[in-house]
Amino acid sequence: MLSRTAENLFWSARYIERADSLARLLEVGYRISLIPNTEAGYNNEWESILETSGMKNEYLKKYKNISKEQIIFYLLFDLENPSSVKNCITSARENIRMVRTAVTLEVWNAINTSFHELDKNMKDTKNILKELPEIIEWIKKQVNLIRGTILNTQLINDGYDFLILGTYFERADFTARIINVKYFILLPSINYVGSDIDNFQWSLMLRSISSFRAFQWAYGGQEITYIKILDFLILNMTCPRSLIFSVEKIHHHLDRLTKFYKQTSTSKKKIRSIYKKLKNLNANRISDIGLHEFLKSFIEEINFVYKKFEQKYFFGLET
Amino acid sequence: MYNEVYKNLKVRKFYDKIYDWAKSLPENIIVKKKNEAENLFKKIGITFSVYNNFDSTERLIPFDMFPRIISGTEWKKIKNGVVQRALAINAFLNDIYNSGEIVKAKIIPENLIYKNPAYEIKMVGFKVPKRIYSPIIGSDIIRVDEKIFKVLEDNCRTPSGVSYMIENREIMMRMFPELFEKLKIETVENYPHYLLDVLKSLAPKKCNKEPKVVILTPGSLNSAYYEHSFLADLMGVELVQGTDLFVDESITYMKTTRGPEKVDIIYRRIDDRFIDPISFDSSSLIGIPGLFDSYKSDNVNICSAPGSGIADDKAIYSYLPEIIKFYLGEEPILENVKTWRCYKDDERKYVLNNLNKLVVKEVHGSGGYGLMIGSKSSKKQIENFRKKILLNPENYIAQPILELSSVPIFDKNRLSPRHVDLRPFCLVGANKTKLVNGGLTRVALKEGSLIVNSSQGGGVKDTWVLNE
Amino acid sequence: MKIKISHATTYKYNSIVPKIIQSLKLYPSICYNQEIIEWNTASSSGKIIESHIDSLGHRVQNIFINNFSGQLKISSKGILKTKNLSGVVKGLKERVNPICFLRGTDLTKPCKRIKRISKEVEKKNTDQIDLAHKLNLVVSNSIEYVSGSTTISTSSEEALKQKKGVCQDFAHILITAARLNKLPARYVNGFLLEETNSGENTTHAWVEIFIKDLGWVAFDPSHKKCIDEKYIRVSTGFDFLDASTIKGVKTNYEGNEILESKVSINHCQ
């Protein structure tokens, strides 16, 4: 397959996953705005959502103050925000449009229809809060539709691997980021660790990756603790948004690629070692190392895998 | 003006079934079907980005559901005429880039060719694979009366629109399957297969395996990008951009996830000057450095050949009847439109005295740009063109203002006549020519308008060649 | 006359160049005016690959180098035997119709000043060759030779405006003037054997004008004459850019490039 095709497929799936993550993040914000007078206060929470999205600095360059309507608009529709849902969907479509020949008509239709419908449903800041639940539902539905169409109609060939890799590189990055940001932003003082506020925030975080229920199931409705959350979000293979889950997927598909092309690759070797390392870890050990340290090195290692992967398959530099 | 559907208020034979059908459609059905068609197009992704219009880089190309019908007998003549022109054009290109017999025979003035910037001197003496310079020719044909079809121009470089020909049919078959039972209509779906076959027959000298064909596009912002991707899909070949290709040790490769893969035939949809920043425009960002040397060392074929554009020149077009006679020894089957060449003193004089009655065109203009319709222009515009002609006579030709024939469209919910033309696509390979029985009918959607170009408010119709 | 030439172009790069592709036209032309006794081209890195003989008779070669850093030296050297044919270039192996060289280019666009110069020339009772000689003379006097006064992208109009230039500018002005007078004209790159004190030489450029009865005749407006046995013809084209002997592209390179050129031209026994 053409290197650029692989790159376009990868990024298209990656943008779709990003739109999905943003929608889930906004859902948390919306939930909070329904609970009157929480400890942390609205603005603080919206600010942290902005922070988690990784777009706070860019936002503050454009808008002076933190306003929820403004933030929602910025994350959903702002054309000047390269990672707004609107721009993610546009980029996903643009990437697929460039490789129309590499996806089925159904996949193209799913993405193209999402693009056109989103175009029609753009909202301004005035009505945005009222419409938010509907918009979030719509985004999640579209993403599921697109992903389902990929699963059901694409040939399971190398192109499929690049699509799936886009999803999981993004998800690994997003989950790592959300844990990191939540940890730091919400716990300005060490005294809060283990307090009620803490639990409340952690449960919000679980919701933001749509894993609150899953957590309850996995740990039999026990009290939420720091260690359990770490285990769940980092090391639990049954949680589709845990780091180890994404790493396992990346490993699986990189492995498939090397077999498919009958070549070896540095990226595959590296992801295998990351996977093995995670498998042998436990949450207490991560807590000992220091969560921040752990996440920092995890993000760096995934980036290294990505760089090697990109060089080999997109730029043709590693043979 | 020739009305293709009515004759003396009576519907012509070929159109009677369609006409009855159209008349029988209730108003709400027409509206419903129109929406349905629009949705189908959107889903399939037919879009058309218009140059110089940054606000709406994408819009749907308007499609009208009333089909345009051509009888089997009429088509036979058009087909033979188009093939004849395509063969003559390739013979002409081969001649002027080699011995130049037609110039020596004083049939075409030497200045018209050798001074012409479209004549690419880098191609002189080069043996193009199988002597085919322009494998895809789209001729624009207009109907003037019951019997006569004329050719308005021949597009020899990278004619576009063929995807609409195929899609229009697809849409009509999905929406009105019953019509295809009533009438025997020739299929057009073989086009991509024919195109691949023709391109594969044009492998370069140093290719000794099954040739690898790719389509080279300027990118997704190009107005015809949809078509490039559509054709690649149906032909089962890669759609590449300049950055996907590279040249190493004179061989052209494409970058793949498996590593470099050799490319043999490039169906390029980019202009000559952008092909290679070393041999042509050095500022080209979409070209492939070293491609032209790879081509000239027989390692890859570029279709159409660089320099084919000279045959698109409208002054050269005016010599096409002579070109046909010279190379094929035949009388032209399709007529040319009367053309005055402004570089000739007497013809220029006539043009300048009759500007309000003529269409003046730049010899290299296309897409409905660079022309002036005398009857629809202000005094100022006319004077402007007069100055241009006087300043640079070689750059202009003039033609009478033609009354294109008309076919009705569904205008809101009634039928209303609009002007149309027809572009069939003729394929020329090694020892073979191929032409699907059909073409693209373009229609000027504005009442009375004669400009059918989609970039200027034109639409399209499905074209039915009847199998009688 | 036997002439020995050695010519080297050196490129220096301050960081890694991912990909270099070059197209070379470094072989002296094959014609009756000069006979190649020996000639070689070499590159300090990468292989030189024969491509094709182009429509103007140039032997085109390519160099392809990946991930290059440091210095790249492209050299050509050899010995030629030349004849003085009074400026007429005979026996060229090319198939391009001379009329093509009536077309203008960005560097050779007619301007008011050129038209004025052209008017100075008496055209009554003048045949083509006389006209060409006269044009060569007025062009020779139109600007002053000042080395380093112009750049590679200076047009004939700009050179005339500043009233100075180098051989390239003289050539562009003559080409523009000749085409204005309906004489096909083109740019020629080559070497000129000059007796210099320092022993240093440079490459040279002049003009060929097509005369109906004679064919291509070579004029050197920088020296007010036609070429003789001291001239070696290498490449030709519409103008300086088109005729350049080395054309190349570096992909994805953001560093800088320093170019040096060295020529030695000697009379040999």
# chains A, B, ... in the order shown; residues from 1 in each chain; ligands from 1
>>> select_by_dssp(residues="stretch 1-238 of chain C", states="strand (DSSP E)", output="VMD selection string")
chain C and resid 2 to 24 34 to 43 48 to 53 59 to 82 144 to 145 164 to 165 185 to 192 203 to 211 215 to 220 225 to 226 231 to 237
>>> write_last_selection(atoms="C-alpha atoms", output="tab-separated table (two decimals), in the first residue's frame")
chain	number	residue	atom	x	y	z
C	2	LYS	CA	44.28	21.76	-28.91
C	3	ILE	CA	42.76	22.92	-25.64
C	4	LYS	CA	42.85	21.23	-22.28
C	5	ILE	CA	40.05	21.98	-19.83
C	6	SER	CA	39.40	21.11	-16.27
C	7	HIS	CA	36.21	22.30	-14.61
C	8	ALA	CA	34.94	21.55	-11.12
C	9	THR	CA	31.86	22.66	-9.24
C	10	THR	CA	31.88	22.10	-5.50
C	11	TYR	CA	28.83	22.19	-3.26
C	12	LYS	CA	29.25	22.42	0.49
C	13	TYR	CA	26.39	21.50	2.80
C	14	ASN	CA	26.28	22.32	6.51
C	15	SER	CA	23.85	19.55	7.40
C	16	ILE	CA	22.51	16.28	6.04
C	17	VAL	CA	20.74	16.50	2.69
C	18	PRO	CA	18.14	13.70	2.56
C	19	LYS	CA	18.17	13.49	-1.20
C	20	ILE	CA	20.09	15.12	-4.04
C	21	ILE	CA	19.17	14.63	-7.68
C	22	GLN	CA	21.10	16.33	-10.44
C	23	SER	CA	20.79	16.52	-14.17
C	24	LEU	CA	24.08	17.29	-15.94
C	34	GLN	CA	35.40	20.97	-32.06
C	35	GLU	CA	36.51	17.39	-31.75
C	36	ILE	CA	36.58	15.65	-28.39
C	37	ILE	CA	39.88	13.83	-27.95
C	38	GLU	CA	39.07	12.82	-24.45
C	39	TRP	CA	36.43	13.89	-21.93
C	40	ASN	CA	35.39	12.64	-18.54
C	41	THR	CA	32.85	13.62	-15.95
C	42	ALA	CA	33.10	12.52	-12.34
C	43	SER	CA	31.33	13.01	-9.06
C	48	ILE	CA	26.99	9.15	-12.60
C	49	ILE	CA	24.26	7.58	-14.66
C	50	GLU	CA	23.80	8.09	-18.39
C	51	SER	CA	20.26	9.27	-19.13
C	52	HIS	CA	19.72	10.24	-22.75
C	53	ILE	CA	20.77	12.52	-25.59
C	59	ARG	CA	24.40	14.12	-23.43
C	60	VAL	CA	22.37	14.17	-20.22
C	61	GLN	CA	23.65	12.42	-17.09
C	62	ASN	CA	22.16	12.09	-13.62
C	63	ILE	CA	23.50	11.84	-10.11
C	64	PHE	CA	21.37	10.45	-7.25
C	65	ILE	CA	22.62	10.69	-3.67
C	66	ASN	CA	20.77	9.94	-0.43
C	67	ASN	CA	21.59	11.27	3.05
C	68	PHE	CA	24.55	13.29	1.97
C	69	SER	CA	26.66	15.59	4.05
C	70	GLY	CA	29.89	17.47	3.49
C	71	GLN	CA	31.29	18.37	0.08
C	72	LEU	CA	30.12	17.28	-3.31
C	73	LYS	CA	32.48	17.87	-6.21
C	74	ILE	CA	31.32	17.44	-9.78
C	75	SER	CA	34.15	17.69	-12.26
C	76	SER	CA	34.64	17.40	-15.96
C	77	LYS	CA	37.88	17.51	-17.85
C	78	GLY	CA	39.42	16.60	-21.14
C	79	ILE	CA	41.10	17.71	-24.33
C	80	LEU	CA	39.51	19.10	-27.47
C	81	LYS	CA	40.76	19.98	-30.90
C	82	THR	CA	39.10	23.09	-32.29
C	144	GLU	CA	29.80	47.93	-19.41
C	145	TYR	CA	31.47	44.69	-18.34
C	164	LYS	CA	26.49	47.00	-16.56
C	165	GLY	CA	26.73	43.27	-16.48
C	185	ALA	CA	18.67	33.33	-31.05
C	186	ARG	CA	19.86	31.23	-28.13
C	187	TYR	CA	22.16	31.17	-25.16
C	188	VAL	CA	25.39	29.14	-25.20
C	189	ASN	CA	27.50	28.00	-22.26
C	190	GLY	CA	31.09	27.05	-22.78
C	191	PHE	CA	34.74	27.82	-22.25
C	192	LEU	CA	36.96	30.51	-23.72
C	203	THR	CA	33.23	29.64	-17.82
C	204	HIS	CA	31.91	31.84	-20.59
C	205	ALA	CA	28.61	32.49	-22.33
C	206	TRP	CA	27.71	33.75	-25.76
C	207	VAL	CA	24.92	33.69	-28.33
C	208	GLU	CA	23.98	31.77	-31.44
C	209	ILE	CA	21.83	33.47	-34.05
C	210	PHE	CA	20.19	31.56	-36.85
C	211	ILE	CA	20.94	32.90	-40.32
C	215	GLY	CA	22.68	28.09	-40.05
C	216	TRP	CA	23.63	28.89	-36.47
C	217	VAL	CA	26.32	31.56	-36.19
C	218	ALA	CA	27.93	32.24	-32.83
C	219	PHE	CA	28.46	35.81	-31.63
C	220	ASP	CA	30.25	36.88	-28.48
C	225	LYS	CA	33.19	39.29	-32.29
C	226	CYS	CA	32.22	35.92	-33.62
C	231	TYR	CA	35.80	28.73	-27.89
C	232	ILE	CA	34.46	25.41	-26.65
C	233	ARG	CA	30.70	24.91	-26.86
C	234	VAL	CA	29.01	22.90	-24.10
C	235	SER	CA	25.29	23.59	-23.73
C	236	THR	CA	22.55	25.74	-25.17
C	237	GLY	CA	18.99	26.81	-24.43
>>> residues_around(residues="stretch 224-231 of chain A", least_positions_apart="2", cutoff="8 Å", atoms="only C-alpha atoms", output="ChimeraX atom specification")
/A:194,199,202-203,219,222,233-236,282-284,287
>>> residues_around(residues="B:Leu291", least_positions_apart="5", cutoff="8 Å", atoms="only C-alpha atoms", output="PyMOL selection string")
chain B and resi 246-247+250+252+275-276
>>> closest_atom_pairs(of="chain C", to="chain B", cutoff="7 Å", atoms="only C-alpha atoms", output="tab-separated table")
residue	atom	partner	partner_atom	distance
C:Ile21	CA	B:Gly290	CA	6.8
C:Ile49	CA	B:Glu249	CA	6.8
C:Ser51	CA	B:Ser297	CA	5.3
C:His52	CA	B:Ser297	CA	5.5
C:Asp54	CA	B:Lys122	CA	6.9
C:Ser55	CA	B:Val124	CA	5.3
C:Phe64	CA	B:Asp248	CA	6.2
C:Arg95	CA	B:Gly125	CA	6.5
C:Val96	CA	B:Val124	CA	6.2
C:Asn97	CA	B:Tyr114	CA	6.8
C:Ile99	CA	B:Tyr114	CA	5.7
C:Cys100	CA	B:Tyr114	CA	4.7
C:Leu102	CA	B:Lys115	CA	6.4
C:Arg103	CA	B:Lys115	CA	5.8
C:Lys247	CA	B:Ile278	CA	6.1
C:Gly248	CA	B:Ile278	CA	6.0
C:Val249	CA	B:Pro289	CA	6.6
>>> residues_around(residues="B:Leu328", least_positions_apart="5", cutoff="12 Å", atoms="only C-alpha atoms", output="list of chain:residue names")
B:Val83, B:Gln84, B:Arg85, B:Ala86, B:Leu87, B:Ala88, B:Ile89, B:Asn90, B:Ala91, B:Phe92, B:Leu320, B:Pro321, B:Glu322, B:Ile323, B:Ile333
>>> write_last_selection(atoms="N, CA and C atoms", output="compact mmCIF listing (two decimals), in the first residue's frame")
# COMPACT_ATOMS: atom_id res chain seq x y z
N VAL B 83 -13.25 9.11 -33.27
CA VAL B 83 -12.09 8.22 -33.41
C VAL B 83 -11.16 8.75 -34.49
N GLN B 84 -11.76 9.19 -35.59
CA GLN B 84 -10.95 9.74 -36.67
C GLN B 84 -10.10 10.91 -36.19
N ARG B 85 -10.72 11.80 -35.42
CA ARG B 85 -9.98 12.96 -34.93
C ARG B 85 -8.87 12.52 -33.98
N ALA B 86 -9.16 11.55 -33.10
CA ALA B 86 -8.17 11.12 -32.13
C ALA B 86 -6.95 10.52 -32.82
N LEU B 87 -7.19 9.74 -33.85
CA LEU B 87 -6.07 9.15 -34.58
C LEU B 87 -5.28 10.23 -35.30
N ALA B 88 -6.00 11.18 -35.92
CA ALA B 88 -5.31 12.24 -36.65
C ALA B 88 -4.48 13.09 -35.70
N ILE B 89 -5.01 13.38 -34.53
CA ILE B 89 -4.29 14.22 -33.57
C ILE B 89 -2.99 13.53 -33.13
N ASN B 90 -3.05 12.23 -32.87
CA ASN B 90 -1.83 11.52 -32.48
C ASN B 90 -0.82 11.47 -33.62
N ALA B 91 -1.31 11.28 -34.84
CA ALA B 91 -0.40 11.28 -35.99
C ALA B 91 0.24 12.65 -36.14
N PHE B 92 -0.56 13.68 -35.92
CA PHE B 92 -0.06 15.05 -36.02
C PHE B 92 1.03 15.31 -34.99
N LEU B 320 -7.84 21.22 -38.22
CA LEU B 320 -8.07 19.79 -38.06
C LEU B 320 -8.60 19.08 -39.32
N PRO B 321 -9.49 19.71 -40.07
CA PRO B 321 -9.92 19.04 -41.31
C PRO B 321 -8.72 18.74 -42.22
N GLU B 322 -7.79 19.70 -42.33
CA GLU B 322 -6.60 19.48 -43.16
C GLU B 322 -5.72 18.39 -42.54
N ILE B 323 -5.63 18.40 -41.20
CA ILE B 323 -4.81 17.40 -40.50
C ILE B 323 -5.35 15.99 -40.77
N ILE B 333 -15.29 13.35 -40.82
CA ILE B 333 -16.65 12.87 -40.63
C ILE B 333 -17.47 13.92 -39.87
>>> select_by_dssp(residues="stretch 34-190 of chain A", states="helix (DSSP H, G or I)", output="PyMOL selection string")
chain A and resi 34+42-53+56-62+68-76+85-98+100-102+105-120+128-153+158-186+190
>>> write_last_selection(atoms="C-alpha atoms", output="short mmCIF file (atom, residue, chain, number, x, y, z; two decimals), in the first residue's frame")
data_model
loop_
_atom_site.label_atom_id
_atom_site.label_comp_id
_atom_site.auth_asym_id
_atom_site.auth_seq_id
_atom_site.Cartn_x
_atom_site.Cartn_y
_atom_site.Cartn_z
CA LEU A 34 -26.10 19.62 36.58
CA TYR A 42 -17.94 24.92 37.91
CA ASN A 43 -15.21 27.00 36.52
CA ASN A 44 -12.51 25.00 38.10
CA GLU A 45 -13.90 21.86 36.52
CA TRP A 46 -14.28 23.42 33.08
CA GLU A 47 -10.77 24.71 33.34
CA SER A 48 -9.53 21.23 34.14
CA ILE A 49 -11.43 19.84 31.17
CA LEU A 50 -9.69 22.38 29.03
CA GLU A 51 -6.42 21.38 30.60
CA THR A 52 -7.08 17.70 29.98
CA SER A 53 -7.87 18.33 26.37
CA LYS A 56 -5.73 25.38 27.49
CA ASN A 57 -2.84 27.54 26.32
CA GLU A 58 -4.25 27.90 22.85
CA TYR A 59 -7.64 28.74 24.32
CA LEU A 60 -6.24 31.43 26.55
CA LYS A 61 -4.45 32.97 23.61
CA LYS A 62 -7.79 33.52 21.92
CA LYS A 68 -18.12 27.32 30.00
CA GLU A 69 -20.02 28.31 26.86
CA GLN A 70 -16.82 29.58 25.35
CA ILE A 71 -14.94 26.41 26.28
CA ILE A 72 -17.64 24.17 24.89
CA PHE A 73 -17.68 26.13 21.68
CA TYR A 74 -13.90 26.05 21.54
CA LEU A 75 -13.74 22.29 21.97
CA LEU A 76 -16.64 21.52 19.66
CA VAL A 85 -14.48 18.14 17.16
CA LYS A 86 -15.42 20.04 14.02
CA ASN A 87 -11.82 20.11 12.83
CA CYS A 88 -11.24 16.50 13.88
CA ILE A 89 -14.19 15.33 11.78
CA THR A 90 -13.09 17.56 8.90
CA SER A 91 -9.53 16.23 9.08
CA ALA A 92 -10.73 12.66 9.38
CA ARG A 93 -12.84 13.14 6.28
CA GLU A 94 -10.09 14.98 4.44
CA ASN A 95 -7.65 12.16 5.17
CA ILE A 96 -10.10 9.56 3.97
CA ARG A 97 -11.06 11.65 0.97
CA MET A 98 -7.44 11.53 -0.12
CA ARG A 100 -11.04 7.05 -1.05
CA THR A 101 -9.79 3.96 -2.82
CA ALA A 102 -8.52 2.41 0.42
CA LEU A 105 -17.99 2.95 0.21
CA GLU A 106 -19.75 2.34 3.55
CA VAL A 107 -16.84 3.72 5.54
CA TRP A 108 -16.61 6.73 3.27
CA ASN A 109 -20.35 7.31 3.52
CA ALA A 110 -20.25 7.09 7.30
CA ILE A 111 -17.47 9.65 7.58
CA ASN A 112 -18.76 11.88 4.81
CA THR A 113 -22.28 11.94 6.23
CA SER A 114 -20.93 12.83 9.67
CA PHE A 115 -19.04 15.71 8.12
CA HIS A 116 -22.05 17.07 6.25
CA GLU A 117 -24.41 16.66 9.21
CA LEU A 118 -22.01 18.33 11.61
CA ASP A 119 -21.75 21.16 9.15
CA LYS A 120 -25.51 21.60 9.31
CA ILE A 128 -24.58 25.63 23.06
CA LEU A 129 -25.11 24.51 26.65
CA LYS A 130 -28.74 23.62 26.08
CA GLU A 131 -27.89 21.60 23.02
CA LEU A 132 -24.83 19.97 24.49
CA PRO A 133 -26.29 16.57 25.50
CA GLU A 134 -27.75 16.14 22.06
CA ILE A 135 -24.50 17.09 20.37
CA ILE A 136 -22.50 14.72 22.56
CA GLU A 137 -24.90 11.89 21.85
CA TRP A 138 -24.64 12.62 18.16
CA ILE A 139 -20.84 12.58 18.17
CA LYS A 140 -20.67 9.33 20.10
CA LYS A 141 -23.19 7.77 17.77
CA GLN A 142 -21.29 8.88 14.69
CA VAL A 143 -18.01 7.61 16.05
CA ASN A 144 -19.54 4.26 16.87
CA LEU A 145 -21.14 4.10 13.47
CA ILE A 146 -17.86 4.87 11.72
CA ARG A 147 -15.93 2.41 13.84
CA GLY A 148 -18.56 -0.29 13.44
CA THR A 149 -18.54 0.22 9.69
CA ILE A 150 -14.78 -0.15 9.66
CA LEU A 151 -15.02 -3.38 11.64
CA ASN A 152 -17.80 -4.79 9.53
CA THR A 153 -16.89 -3.77 6.00
CA ASP A 158 -2.71 -3.93 6.21
CA GLY A 159 -5.00 -0.93 5.70
CA TYR A 160 -7.16 -2.17 8.53
CA ASP A 161 -4.09 -2.41 10.78
CA PHE A 162 -3.21 1.22 10.08
CA LEU A 163 -6.76 2.31 10.91
CA ILE A 164 -6.77 0.43 14.20
CA LEU A 165 -3.29 1.65 15.07
CA GLY A 166 -4.50 5.23 14.67
CA THR A 167 -7.25 4.57 17.20
CA TYR A 168 -5.01 3.03 19.84
CA PHE A 169 -2.04 5.37 19.57
CA GLU A 170 -4.51 8.19 20.21
CA ARG A 171 -6.28 6.37 23.02
CA ALA A 172 -3.06 5.42 24.82
CA ASP A 173 -1.96 9.02 24.62
CA PHE A 174 -5.30 10.40 25.75
CA THR A 175 -5.71 8.06 28.69
CA ALA A 176 -2.16 8.73 29.87
CA ARG A 177 -2.79 12.44 29.56
CA ILE A 178 -6.11 12.38 31.39
CA ILE A 179 -4.63 10.48 34.34
CA ASN A 180 -1.69 12.82 34.46
CA VAL A 181 -3.73 15.99 34.30
CA LYS A 182 -6.36 14.87 36.77
CA TYR A 183 -3.71 13.91 39.24
CA PHE A 184 -2.00 17.21 39.10
CA ILE A 185 -4.73 19.72 38.60
CA LEU A 186 -7.18 18.34 41.03
CA ILE A 190 -0.90 16.31 49.09
#
>>> closest_residue(among="A:Tyr30, A:Tyr261, A:Phe294, A:Tyr63", to="chain B", atoms="only C-alpha atoms")
A:Tyr261
>>> residues_around(residues="B:Gly458", least_positions_apart="5", cutoff="12 Å", atoms="only C-alpha atoms", output="list in words")
Phe48, Val50, Leu60, Ile61, Pro62, Phe63, Asp64, Gly367, Gly368, Arg418, His419, Val420, Asp421, Thr441, Arg442, Val443, Ala444, Leu445, Lys446, Glu447, Ser449, Leu450, Ile451, Val452 and Asn453 of chain B
>>> write_last_selection(atoms="C-alpha atoms", output="short mmCIF file (atom, residue, chain, number, x, y, z; two decimals), in the first residue's frame")
data_model
loop_
_atom_site.label_atom_id
_atom_site.label_comp_id
_atom_site.auth_asym_id
_atom_site.auth_seq_id
_atom_site.Cartn_x
_atom_site.Cartn_y
_atom_site.Cartn_z
CA PHE B 48 -16.67 20.17 -7.55
CA VAL B 50 -14.39 25.99 -8.09
CA LEU B 60 -22.38 19.65 -5.72
CA ILE B 61 -22.36 19.63 -9.45
CA PRO B 62 -26.01 20.09 -10.42
CA PHE B 63 -27.55 17.03 -11.97
CA ASP B 64 -30.69 17.08 -14.05
CA GLY B 367 -13.13 25.83 -18.99
CA GLY B 368 -15.12 28.75 -20.39
CA ARG B 418 -31.69 24.46 -21.92
CA HIS B 419 -28.62 24.42 -24.14
CA VAL B 420 -26.42 21.34 -24.10
CA ASP B 421 -23.20 19.96 -25.56
CA THR B 441 -23.86 15.92 -21.60
CA ARG B 442 -23.25 19.31 -20.08
CA VAL B 443 -26.16 21.68 -19.75
CA ALA B 444 -26.28 25.44 -19.22
CA LEU B 445 -28.73 25.68 -16.32
CA LYS B 446 -29.41 29.36 -16.72
CA GLU B 447 -32.15 30.05 -19.22
CA SER B 449 -27.09 30.73 -21.36
CA LEU B 450 -24.62 29.12 -23.76
CA ILE B 451 -21.90 28.36 -21.22
CA VAL B 452 -22.11 24.77 -20.11
CA ASN B 453 -18.91 24.62 -18.05
#
>>> closest_residue(among="B:Pro192, B:Gly219, B:Gly370, B:Pro26", to="chain A", atoms="only C-alpha atoms")
B:Gly219
>>> residues_around(residues="C:Ser142", least_positions_apart="2", cutoff="9 Å", atoms="only C-alpha atoms", output="VMD selection string")
chain C and resid 117 137 to 140 144 160 163 to 164 170 173
>>> write_last_selection(atoms="N, CA and C atoms", output="CSV table (one decimal), in the first residue's frame")
chain,number,residue,atom,x,y,z
C,117,ILE,N,17.7,50.3,-28.7
C,117,ILE,CA,18.9,49.8,-29.2
C,117,ILE,C,18.8,49.2,-30.6
C,137,LEU,N,27.3,44.4,-32.3
C,137,LEU,CA,28.1,45.5,-32.0
C,137,LEU,C,27.4,46.5,-31.1
C,138,VAL,N,26.1,46.8,-31.4
C,138,VAL,CA,25.4,47.8,-30.5
C,138,VAL,C,25.2,47.2,-29.1
C,139,VAL,N,25.0,45.9,-29.1
C,139,VAL,CA,24.8,45.3,-27.8
C,139,VAL,C,26.1,45.3,-27.0
C,140,SER,N,27.2,45.1,-27.7
C,140,SER,CA,28.5,45.1,-27.0
C,140,SER,C,28.7,46.5,-26.3
C,144,GLU,N,28.4,48.0,-19.7
C,144,GLU,CA,29.8,47.9,-19.4
C,144,GLU,C,30.1,46.6,-18.7
C,160,LEU,N,20.3,46.2,-18.7
C,160,LEU,CA,20.3,47.5,-19.5
C,160,LEU,C,20.1,48.7,-18.6
C,163,LYS,N,23.0,49.4,-16.7
C,163,LYS,CA,24.1,49.7,-17.7
C,163,LYS,C,25.4,48.9,-17.4
C,164,LYS,N,25.3,47.8,-16.7
C,164,LYS,CA,26.5,47.0,-16.6
C,164,LYS,C,26.1,45.6,-16.4
C,170,PHE,N,25.3,40.3,-21.4
C,170,PHE,CA,25.5,40.7,-22.8
C,170,PHE,C,24.7,39.7,-23.7
C,173,ILE,N,20.9,40.3,-23.6
C,173,ILE,CA,20.5,41.5,-24.4
C,173,ILE,C,20.6,41.2,-25.9
>>> atom_distance(atom1="atom CA of C:Glu260", atom2="atom CA of C:Thr108")
26.4 Å
